[in-house]
Every structure is written in C-alpha cells, then in structure tokens.
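To keep things clear, I will list the structure first and then write my remarks on it.
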Amino acid sequence: MSYTSRLSLTMIILSIVVLACVAPAITLQDSGAISTVAAQTVIAGFTQVAASVTAFPSSQEPTLTFTLEPPTLTPTVTEIPTQTLTATPIFTITPIVPQISLSVPTNCRVGPGKVYPRVGALLVGETAQVYGRDPTSRYWYIPNPDRSGEFCWVWGEYATLNGNSAFLPVYTPPPTPTPTFTPKPTFTLTPSPDFEASYSSLDTCVGWWVEIKLKNNGSIPFKSMGITIKDTVTDIVLANFVDGFTNIDGCLSTTTRDTLSISKTHVISSPAFNYDPSGHKLRATIILCSDIGQSGTCVTNTIIFTP
C-alpha cells in the first residue's frame with residue numbers, strides 16, 4: 001500500500017473516533033440513519049482506497065530486472081605502412097690538400113736541404129699538392145714534377161701555399177747522404193753548374209733598376225735566367241724570367257746575349273722600381289738554367305746589397 005493511501009485511511013479513522021467522542025453531546029433524531037450514513041462513508045472511503053491500491057500484496061513489491069548484454073565488437077585491423085628511414089649526415093668533411101706554387105723556379109731534392117741530391121724542379125706557373133713538411137716548416141713534401149710516382153722536397157722561400165697546412169704531417173728528413181769517394185777517370189770532366197753574382201750599380205730612365213754582374217764559374221753554359229728582387233724596406237717584390245741575358249744602359253742602348261758561356265761575365269738589369277730605392281736594403285735571387293724556358297740544369301744564387 002502506498003503512503004498516500006495509508007494516510008487517507010488514517011484520517012478517516014481519526015474522523016470517526018472524533019465523531020464518536022463528541023456524539024453524546026449531539027442530539028440525534030435518528031441514530032440508525034446516522035449510523036447508516038457513517039457506515040456508508042467509511043465503506044466509500046475504503047472503496048476509494050482499495051481502488052487506488054495496486055493488486056500486489058503490500059509485503060511484496062515488484063522487482064524490475066534488467067539484463068545488459070555486452071555489445072559485440074568486431075576488431076578492425078589497420079595495416080600500418082612500413083616506412084624506411086634513411087640516416088642523413090649532419091655535415092660532410094671534405095679534406096682539402098694544400099697546393100703550392102712558386103714565384104721563382106726551385107729545385108726539388110731527395111731531402112729538405114741543399115746537401116740532398118736534386119731530382120727535379122718546380123717551375124713558375126706549376127702547382128703541386130703538398131703532403132707533408134719538415135720539422136722547421138721550411139721545406140714541403142710534394143710529388144716530383146719531373147718523375148711520376150716519386151716525391152721530393154721543395155724549399156718554401158718563394159712559395160705560396162693555398163689551403164690549411166696546420167694539419168700536414170711532419171716527416172723526419174732522411175739521413176744526410178754520406179759523401180763517397182769515387183775515383184774519376186783521367187781527363188774526365190763532370191759538368192757542374194755554378195756562377196757568381198754581385199751588385200754593380202743603380203740605373204734609371206723610366207723607373208730605377210739595379211745592374212748585377214754575373215760570372216759563369218761552372219762547367220756548363222747558361223741559356224735562360226730568372227731574377228726576383230725584393231725591397232726589404234717597402235716589401236715590394238719584382239720578378240722577371242727570360243731567355244738570354246739583357247743589360248739596359250739607361251735610355252741609350254740595350255745589350256742582350258743568348259748564352260752566358262763558361263768563364264764569361266755579363267751585366268744584367270733587374271726589373272724596374274717606380275721609385276728610387278737608394279739606401280734601401282735589397283735582396284736579389286738569380287736562377288740560371290742550361291736550357292731555355294728556365295729548364296734543364298738550374299742553379300740559384302742570392303745576394304743582399306744597398307744601392
């Protein structure tokens with residue numbers, strides 16, 4: 001029975017009890033009629049209450065049961081494409097082998113020094129890769145320009161190095177050759193290039209140049225030459241490489257010899273400065289060669305003077 005039905009029934013019973021308590025004080029004309037009306041009222045109240053009450057017993061209330069069935073899930077397989085990862089290098093180191101070039105033709109020797117035999121020469125206009133240096137960093141180890149597959153040492157006094165030489169390996173020089181005595185056949189003369197150079201004078205016409213006297217003290221004639229002259233005060237360097245030997249006498253005349261013969265002397269003119277170098281310390285390096293084009297057997301001499 002619901003709470004509302006119970007409350008209604010209780011109120012009806014209370015009303016009957018109250019009426020019963022006050023009934024003696026009321027004068028009733030027809031007690032049977034009143035009783036009949038009261039009984040009808042109570043019955044009507046019970047009828048209304050009974051009509052509103054559910055047919056289920058009060059001690060048993062309906063129980064609702066729900067059964068939850070889990071949804072049926074059909075797994076879906078998604079195929080993940082295979083990706084190929086390629087490693088990308090952050091940077092690439094490209095080693096650069098230093099290159100050497102010379103302003104003066106220079107002999108290339110078995111070792112770093114004049115005491116070693118000459119096996120080739122690096123001429124002006126030629127370049128070579130540098131693969132090492134000596135402990136003093138004055139000589140450079142390069143492929144022999146005149147003999148394929150061999151290496152030799154070139155002096156770096158007149159060299160220009162392009163590239164980083166800081167990481168070049170330092171090679172230990174080979175042992176100094178020990179002079180050996182070889183008896184020479186009688187009346188056999190071994191060719192030996194040699195010459196003497198000395199400052200002669202300062203000349204001028206258009207510019208200023210120095211005159212240098214050359215004397216062939218060797219056993220072979222010379223046919224070409226090169227001269228490089230440096231002003232140690234201004235650091236200006238001039239160079240000239242020619243066949244033959246030329247002397248410019250002021251603005252008047254020019255004398256040229258094709259060959260500087262054995263034991264002969266000839267004056268040559270240096271390249272011209274555009275200023276008067278008088279009083280400046282000059283350094284001149286002269287190279288004489290047995291063939292034209294600064295080729296063949298070459299020898300070098302350096303002098304320092306002040307005009």
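Each chain of the structure tokens is named A, B, ... in the order shown, its residues numbered from 1; ligands are numbered from 1 in display order.
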List every residue of segment 112-170 of chain A that has an atom at most 12 Å from any atom of segment 232-256 of chain A, giving for each one its closest atom pair and the distance in Å to one decimal, counting only C-alpha atoms, sorted by chain and then by ascending residue number, as CSV.
```
residue,atom,partner,partner_atom,distance
A:Leu123,CA,A:Phe241,CA,10.7
A:Val124,CA,A:Phe241,CA,9.0
A:Gly125,CA,A:Phe241,CA,11.4
A:Tyr158,CA,A:Val237,CA,10.8
```
As a list in words, please: the residues near Lys114 of chain A (cut-off 10 Å, only C-alpha atoms, same-chain neighbours under 6 positions excluded).
Asn107, Cys108 and Trp155 of chain A
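For the pair atom CA of Leu122 of chain A and atom CA of Lys264 of chain A, the separation is 27.7 Å.
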Of the candidates A:Thr204, A:Leu214, A:Val154, A:Lys223, which shows the shortest atom-to-atom distance to Ser137 of chain A, using only C-alpha atoms?
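Using only C-alpha atoms, Ser137 of chain A sits closest to A:Val154.
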Nearest-residue call for Ala159 of chain A, choices A:Thr297, A:Asn217, A:Ser101, A:Asn144, using only C-alpha atoms
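Ranked by minimum distance to Ala159 of chain A, first place goes to A:Ser101.
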For segment 272-274 of chain A, find every residue with an atom within 6 Å (counting only C-alpha atoms), except residues of its own chain fewer than 2 positions away, and show them as an NGL selection string.
:A and (207-209)
Tell me, as a CSV table (one decimal) with C-alpha atoms, in the first residue's frame, which residues lie within 10 Å of Ile304 of chain A, counting only C-alpha atoms; anything in the same chain fewer than 2 positions away does not count.
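Listing of selection38.csv after writing:
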```csv
chain,number,residue,atom,x,y,z
A,198,SER,CA,127.5,40.8,-57.4
A,199,TYR,CA,125.9,44.2,-57.3
A,229,ILE,CA,114.4,41.3,-56.3
A,230,LYS,CA,112.8,42.4,-53.0
A,232,THR,CA,113.1,44.8,-47.6
A,281,LYS,CA,118.4,47.1,-48.4
A,282,LEU,CA,117.6,44.9,-51.5
A,283,ARG,CA,117.7,41.1,-51.8
A,284,ALA,CA,118.1,39.6,-55.3
A,285,THR,CA,117.7,35.9,-56.1
A,302,THR,CA,121.1,35.1,-53.6
A,306,THR,CA,122.1,48.5,-50.6
```
Do you know which residues are at most 9 Å from Tyr131 of chain A counting only C-alpha atoms, after dropping those on the same chain fewer than 4 positions away, and could you put them as number ranges by chain?
A: 97-98, 140-143, 168-169
With only C-alpha atoms as the counted atoms, please give the residues lying no more than 9 Å from Lys213 of chain A, apart from itself and same-chain residues fewer than 5 positions off, as a PyMOL selection string.
chain A and resi 196-200+265-269
N, CA and C atoms of the current selection, written as a CSV table (one decimal), in the first residue's frame:
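Written file, selection-v2.csv:
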```
chain,number,residue,atom,x,y,z
A,196,GLU,N,128.7,33.3,-60.2
A,196,GLU,CA,128.9,34.3,-59.1
A,196,GLU,C,128.1,35.5,-59.5
A,197,ALA,N,127.4,36.1,-58.5
A,197,ALA,CA,126.6,37.3,-58.8
A,197,ALA,C,127.0,38.4,-57.8
A,198,SER,N,127.1,39.7,-58.3
A,198,SER,CA,127.5,40.8,-57.4
A,198,SER,C,126.8,42.1,-57.9
A,199,TYR,N,126.5,43.0,-57.0
A,199,TYR,CA,125.9,44.2,-57.3
A,199,TYR,C,126.8,45.1,-58.1
A,200,SER,N,126.3,45.8,-59.2
A,200,SER,CA,127.2,46.6,-60.0
A,200,SER,C,126.8,48.1,-59.8
A,265,THR,N,131.6,36.8,-68.3
A,265,THR,CA,131.0,37.8,-67.4
A,265,THR,C,130.0,38.6,-68.2
A,266,HIS,N,128.8,38.9,-67.7
A,266,HIS,CA,127.9,39.8,-68.3
A,266,HIS,C,127.0,40.5,-67.3
A,267,VAL,N,126.7,41.7,-67.5
A,267,VAL,CA,125.9,42.5,-66.6
A,267,VAL,C,124.4,42.4,-67.1
A,268,ILE,N,123.5,42.2,-66.1
A,268,ILE,CA,122.1,42.1,-66.4
A,268,ILE,C,121.4,43.2,-65.6
A,269,SER,N,120.2,43.5,-66.1
A,269,SER,CA,119.4,44.6,-65.5
A,269,SER,C,118.2,43.9,-64.8
```
Would you mind reading off the distance between atom CA of Glu126 of chain A and atom CA of Asn301 of chain A, one decimal, in Å?
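Going from atom CA of Glu126 of chain A over to atom CA of Asn301 of chain A, I get 21.2 Å.
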